[in-house]
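Note sheet for the following structure.
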Amino acid sequence: MPKQVLVIEDEPNIIEAISFILSRDGWTVRTHSNGVTAVDTVLMRKPDVVILDVMLPGKSGYDILRELREMPETSALPILMLTARGQAKDRELAERAGVSHFMTKPFSNAEVLDAVRALVPPVGGAT
Amino acid sequence: MARDTLTGSRIRERRIMAGLKQADLARAADISASYLNLIEHNRRRIGGKLLLVLAGILDVEPSLLTEGAEATLIAALREAASDPRGGLAELDRADEFAGRFPGWAGLLADSRRRIATLERTVETLTDRMTHDPHLAASLHEMLSTVTAIRSAASILAEPGEIEPEWQQRFHRNIYEDSARLADTSRSLVSYLEAAGDSTSGSSVPQEEVDALLDAQGHHIPALERGSATPEQVVGEIAAAASEPARELLLRCLRQYESDAAELPLATLTGAVAQIGPDPIMLARRCGVDAGLAMRRLASLPPEVLPDPVGLAICDASGTLTYRKPLADFAMPRFGAGCPLWPLYQALNRPMMPLARDVAQPGPAQRVFAAYAMAQPAGQAGLNRDPLFQAHMLIVPRPGVGTDEVLPVGSTCRICPQTDCEARREPSILGLRAQIGF
């Protein structure tokens, strides 16, 4: 059964591009674009890996990350964080909140794919 | 050394400037050179006839020799010396320096003033760049759009077949995103150009309104007289402003018109002549609320109120919605002000008028009475909590010392006050942290 990735991002065209490259790589891709309900969606979908944008409507990606890390079922969930702010302090903030990997925009498709594969080796997908 | 004991130094200075030898001046004044030498080194007091004779020979007013430099010049020198970077200056000899070298002292004081002005400009610009929400949002949107374009273009450029439906979709995405990127870039360039133009330095609506009201001195005669509507005034004074700024200004001027109708200028002028610019007393006497009294006092022209008053209004979130800063009481252009301002205390104690003497750090440390009050904004609604807004009127208190005043800042970023529990972020004035309170 393919592994599942949940993309939490509010930019529709980024969602579409990421969904395309991950689906093509053999992942089941779910998407979500609201910060307020993001934690509930993670708990409901139980993804193998989460791609999480920092600036989301309603709630910051950092807050979502902290909440997920406080819950036993998601405390070790691989989470790849995307942000337009690439300063050292932003990276430190994400690391303190428990991010698995941090990536700044604009990133390439290959970088995203490599990062997701590194976090969770896909089953039956391209290598 | 006291100022009145420096007459000798000034005589010496003036003699050298006139190109006279000590012996020549002594001879002309009919005294011995040794005696003049003692005078010039402030070892003998001088006054009366001899002072008049020496002043006459040196062709200066006698008072220039006895009074020396202005107090403001000496104060400016002391302020320069109190800067931690001026640690080697002989603070106790500022008076003597000003007396002996008035030209150099003036130059130093002017330079110091100019540096302070430039530093303040740099602080303001830095503050603006780091806290500018429009700039941050624009750059974030640009990066997100570039990411979307890059991802879609990369998929299309990869070798291998892509289904026509996906191909069409990514082409459309690139087209849409590139149009969005063009719009955002254009908007950002306009914004930065406007920010760089000193004649139109305002670029967010609230700032534009602040600048427009500042240009009018916060006084609109046409609305006082009722000879124009707020819409006409907006058309006249804000023709080049952005649409959001014009809307904000219109709201502000409608309030002005309503305030002026409730407390006309003639009534206000008469009351101020009797009780001064005390908004709480004014409100009682004229039967208006304290907020209206503060707004009306802040709108008075210089012929009625020569020493202007400042005004800050904030909503329930603490965001400043009206700013009329004073030369020695700064207000931040972005974000909230100093949490110590009575303005914010008033929000915690609605409907209770507060008054405190306050002063901001700086060379002048001028004392102001800060009157503040929070009151409901708008009409009461059934089963609806009132929405509060707070007013703070800043009234100069000349002659009042800083001993009993509440030290407050403008905003943390440019405040040198140390050990402040209200501090939100470090000050960029680390080097000047010892100045002020």
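Within each chain, counting starts at residue 1; across the structure tokens, chains are named A, B, ... in the order shown, with ligands numbered 1 upward in that order.
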Compile the contact shell of segment 52-69 of chain A as a ChimeraX atom specification: residues with an atom at most 8 Å away, counting only C-alpha atoms, same-chain residues fewer than 2 positions apart removed. /A:7-10,33-36,38-39,50,71-72,74-76,79-83,93-94,97-99
Write the selection just made, keeping N, CA and C atoms, as a compact mmCIF listing (two decimals), in the first residue's frame?
# COMPACT_ATOMS: atom_id res chain seq x y z
N VAL A 7 -0.22 17.29 2.52
CA VAL A 7 0.36 18.60 2.21
C VAL A 7 -0.55 19.68 2.80
N ILE A 8 -0.02 20.41 3.79
CA ILE A 8 -0.81 21.50 4.41
C ILE A 8 -0.22 22.82 3.91
N GLU A 9 -0.87 23.40 2.95
CA GLU A 9 -0.34 24.58 2.23
C GLU A 9 -1.54 25.35 1.68
N ASP A 10 -1.48 26.68 1.67
CA ASP A 10 -2.64 27.44 1.20
C ASP A 10 -2.48 27.97 -0.21
N SER A 33 -5.69 23.09 3.44
CA SER A 33 -5.16 24.47 3.32
C SER A 33 -5.58 25.40 4.44
N ASN A 34 -6.11 24.87 5.53
CA ASN A 34 -6.54 25.75 6.62
C ASN A 34 -5.75 25.45 7.89
N GLY A 35 -5.17 26.49 8.47
CA GLY A 35 -4.34 26.29 9.66
C GLY A 35 -5.14 25.86 10.88
N VAL A 36 -6.35 26.39 11.01
CA VAL A 36 -7.15 26.13 12.22
C VAL A 36 -7.49 24.65 12.38
N ALA A 38 -5.93 22.13 10.81
CA ALA A 38 -4.83 21.27 10.32
C ALA A 38 -4.53 20.12 11.27
N VAL A 39 -4.49 20.40 12.58
CA VAL A 39 -4.14 19.33 13.54
C VAL A 39 -5.18 18.22 13.48
N VAL A 50 4.18 14.68 6.79
CA VAL A 50 3.42 15.92 6.58
C VAL A 50 4.33 16.97 5.95
N MET A 71 1.39 15.74 21.18
CA MET A 71 0.48 14.58 21.23
C MET A 71 1.26 13.30 20.96
N PRO A 72 1.04 12.26 21.76
CA PRO A 72 1.84 11.04 21.62
C PRO A 72 1.76 10.43 20.21
N THR A 74 1.46 11.82 17.38
CA THR A 74 2.15 12.56 16.31
C THR A 74 3.50 13.12 16.76
N SER A 75 3.93 12.72 17.94
CA SER A 75 5.17 13.32 18.46
C SER A 75 6.39 12.96 17.60
N ALA A 76 6.33 11.81 16.92
CA ALA A 76 7.48 11.41 16.09
C ALA A 76 7.16 11.43 14.60
N ILE A 79 7.87 15.55 9.75
CA ILE A 79 7.24 16.79 9.25
C ILE A 79 8.28 17.64 8.53
N LEU A 80 7.97 17.95 7.27
CA LEU A 80 8.82 18.80 6.44
C LEU A 80 8.17 20.19 6.40
N MET A 81 8.91 21.18 6.82
CA MET A 81 8.33 22.52 6.91
C MET A 81 8.79 23.39 5.75
N LEU A 82 7.86 24.13 5.16
CA LEU A 82 8.17 25.04 4.05
C LEU A 82 7.93 26.48 4.49
N THR A 83 8.87 27.33 4.14
CA THR A 83 8.65 28.74 4.50
C THR A 83 9.36 29.68 3.53
N LEU A 93 13.75 28.40 15.23
CA LEU A 93 12.38 28.35 15.77
C LEU A 93 11.73 27.02 15.38
N ALA A 94 11.90 26.65 14.12
CA ALA A 94 11.32 25.39 13.64
C ALA A 94 11.96 24.19 14.33
N ALA A 97 10.71 23.79 17.75
CA ALA A 97 9.33 23.27 17.77
C ALA A 97 9.29 21.80 17.39
N GLY A 98 10.40 21.26 16.89
CA GLY A 98 10.47 19.81 16.61
C GLY A 98 10.31 19.43 15.16
N VAL A 99 10.75 20.30 14.25
CA VAL A 99 10.62 19.98 12.82
C VAL A 99 11.59 18.86 12.44
Skip segment 168-182 of chain B itself and residues of its chain fewer than 3 positions away, then list as a PyMOL selection string all residues within 7 Å of it, counting only C-alpha atoms. (chain A and resi 13) or (chain B and resi 142+145+149+152+164-165+185-186)
Report as number ranges by chain all protein, DNA and RNA residues lying within 9 Å of Ala115 of chain A, evaluated on only C-alpha atoms, omitting residues in the same chain fewer than 3 positions from it. A: 80, 101, 103, 110-112, 118-120
Distance-based interface of chain B with chain A, 8 Å, counting only C-alpha atoms, as a PyMOL selection string: chain B and resi 140+143-144+146-148+150-152+154-155+170+173
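Near segment 289-300 of chain B, within 7 Å and counting only C-alpha atoms, sit His218, His219, Asp259, Pro277, Pro279, Ile280, Leu282, Ala283, Val304, Leu305, Val309, Gly310, Leu311, His391 and Leu393 of chain B, not including residues fewer than 3 positions from it in the same chain.
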So that I can check the surroundings of Ala105 of chain B, please list as a list in words every protein, DNA and RNA residue that reaches within 10 Å of it, counting only C-alpha atoms and ignoring chain neighbours fewer than 3 positions away.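 Residues meeting the cut-off are Ala69, Leu73, Ile74, Ala76, Leu77, Ala94, Asp95, Phe97, Ala98, Gly99, Arg100, Phe101, Pro102, Leu108, Ala109, Asp110 and Ser111 of chain B.
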Going by DSSP on the backbone, which residues of chain A come out as alpha helix (DSSP H)? List them as a short mmCIF file (atom, residue, chain, number, x, y, z; two decimals) with C-alpha atoms, in the first residue's frame.
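Contents of the output file out.cif:
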data_model
loop_
_atom_site.label_atom_id
_atom_site.label_comp_id
_atom_site.auth_asym_id
_atom_site.auth_seq_id
_atom_site.Cartn_x
_atom_site.Cartn_y
_atom_site.Cartn_z
CA PRO A 12 -3.23 26.13 -4.68
CA ASN A 13 -0.65 26.01 -7.47
CA ILE A 14 2.11 24.87 -5.11
CA ILE A 15 -0.27 22.18 -3.80
CA GLU A 16 -0.92 21.07 -7.38
CA ALA A 17 2.75 20.86 -8.33
CA ILE A 18 3.78 19.03 -5.14
CA SER A 19 0.82 16.68 -5.46
CA PHE A 20 1.78 15.88 -9.04
CA ILE A 21 5.42 15.04 -8.36
CA LEU A 22 4.66 13.01 -5.23
CA SER A 23 1.78 11.11 -6.84
CA ARG A 24 4.03 10.30 -9.76
CA ALA A 38 -4.83 21.27 10.32
CA VAL A 39 -4.14 19.33 13.54
CA ASP A 40 -7.54 17.60 13.37
CA THR A 41 -6.88 16.67 9.76
CA VAL A 42 -3.52 15.13 10.66
CA LEU A 43 -5.14 13.09 13.44
CA MET A 44 -7.92 11.96 11.13
CA ARG A 45 -5.79 11.17 8.07
CA GLY A 61 2.72 26.37 10.97
CA TYR A 62 4.92 26.70 14.08
CA ASP A 63 1.87 26.45 16.36
CA ILE A 64 0.55 23.45 14.44
CA LEU A 65 3.96 21.79 14.72
CA ARG A 66 4.12 22.40 18.48
CA GLU A 67 0.63 20.97 18.99
CA LEU A 68 1.46 17.89 16.97
CA ARG A 69 4.66 17.32 18.94
CA GLU A 70 2.76 17.46 22.22
CA ALA A 88 18.72 31.37 10.85
CA LYS A 89 16.26 32.43 13.56
CA ASP A 90 13.35 30.94 11.59
CA ARG A 91 15.22 27.68 11.22
CA GLU A 92 16.02 27.66 14.95
CA LEU A 93 12.38 28.35 15.77
CA ALA A 94 11.32 25.39 13.64
CA GLU A 95 13.96 23.14 15.16
CA ARG A 96 12.95 24.07 18.68
CA ALA A 97 9.33 23.27 17.77
CA ASN A 109 10.65 19.73 -7.02
CA ALA A 110 13.69 17.48 -6.69
CA GLU A 111 14.54 18.96 -3.30
CA VAL A 112 11.04 18.33 -1.99
CA LEU A 113 11.01 14.80 -3.36
CA ASP A 114 14.43 14.00 -1.91
CA ALA A 115 13.45 15.40 1.48
CA VAL A 116 10.20 13.41 1.65
CA ARG A 117 11.97 10.24 0.55
CA ALA A 118 14.65 10.78 3.16
CA LEU A 119 12.05 11.20 5.89
#
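Going from atom CA of Tyr322 of chain B to atom CA of Ala422 of chain B covers 22.3 Å.
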Å distance separating atom CA of Tyr191 of chain B from atom CA of Ser138 of chain B, one decimal place: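 Value for the atom CA of Tyr191 of chain B-atom CA of Ser138 of chain B distance: 10.0 Å.
Here atom CA of Pro230 of chain B stands at a distance of 13.8 Å from atom CA of Val209 of chain B.
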Could you name the residues that touch Ser317 of chain B at 12 Å or less, counting only C-alpha atoms, but leaving out those on the same chain fewer than 2 positions away, as a list of chain:residue names? B:Ile313, B:Cys314, B:Asp315, B:Thr319, B:Leu320, B:Thr321, B:Gly335, B:Ala336, B:Gly337, B:Leu343, B:Tyr344, B:Leu347, B:Asn348, B:Leu387, B:Phe388, B:Gln389, B:Ala390
Can you tell me, as number ranges by chain, what residues are no more than 10 Å from Arg254 of chain B when counting only C-alpha atoms, ignoring any on the same chain fewer than 6 positions away? B: 223, 229-231, 260
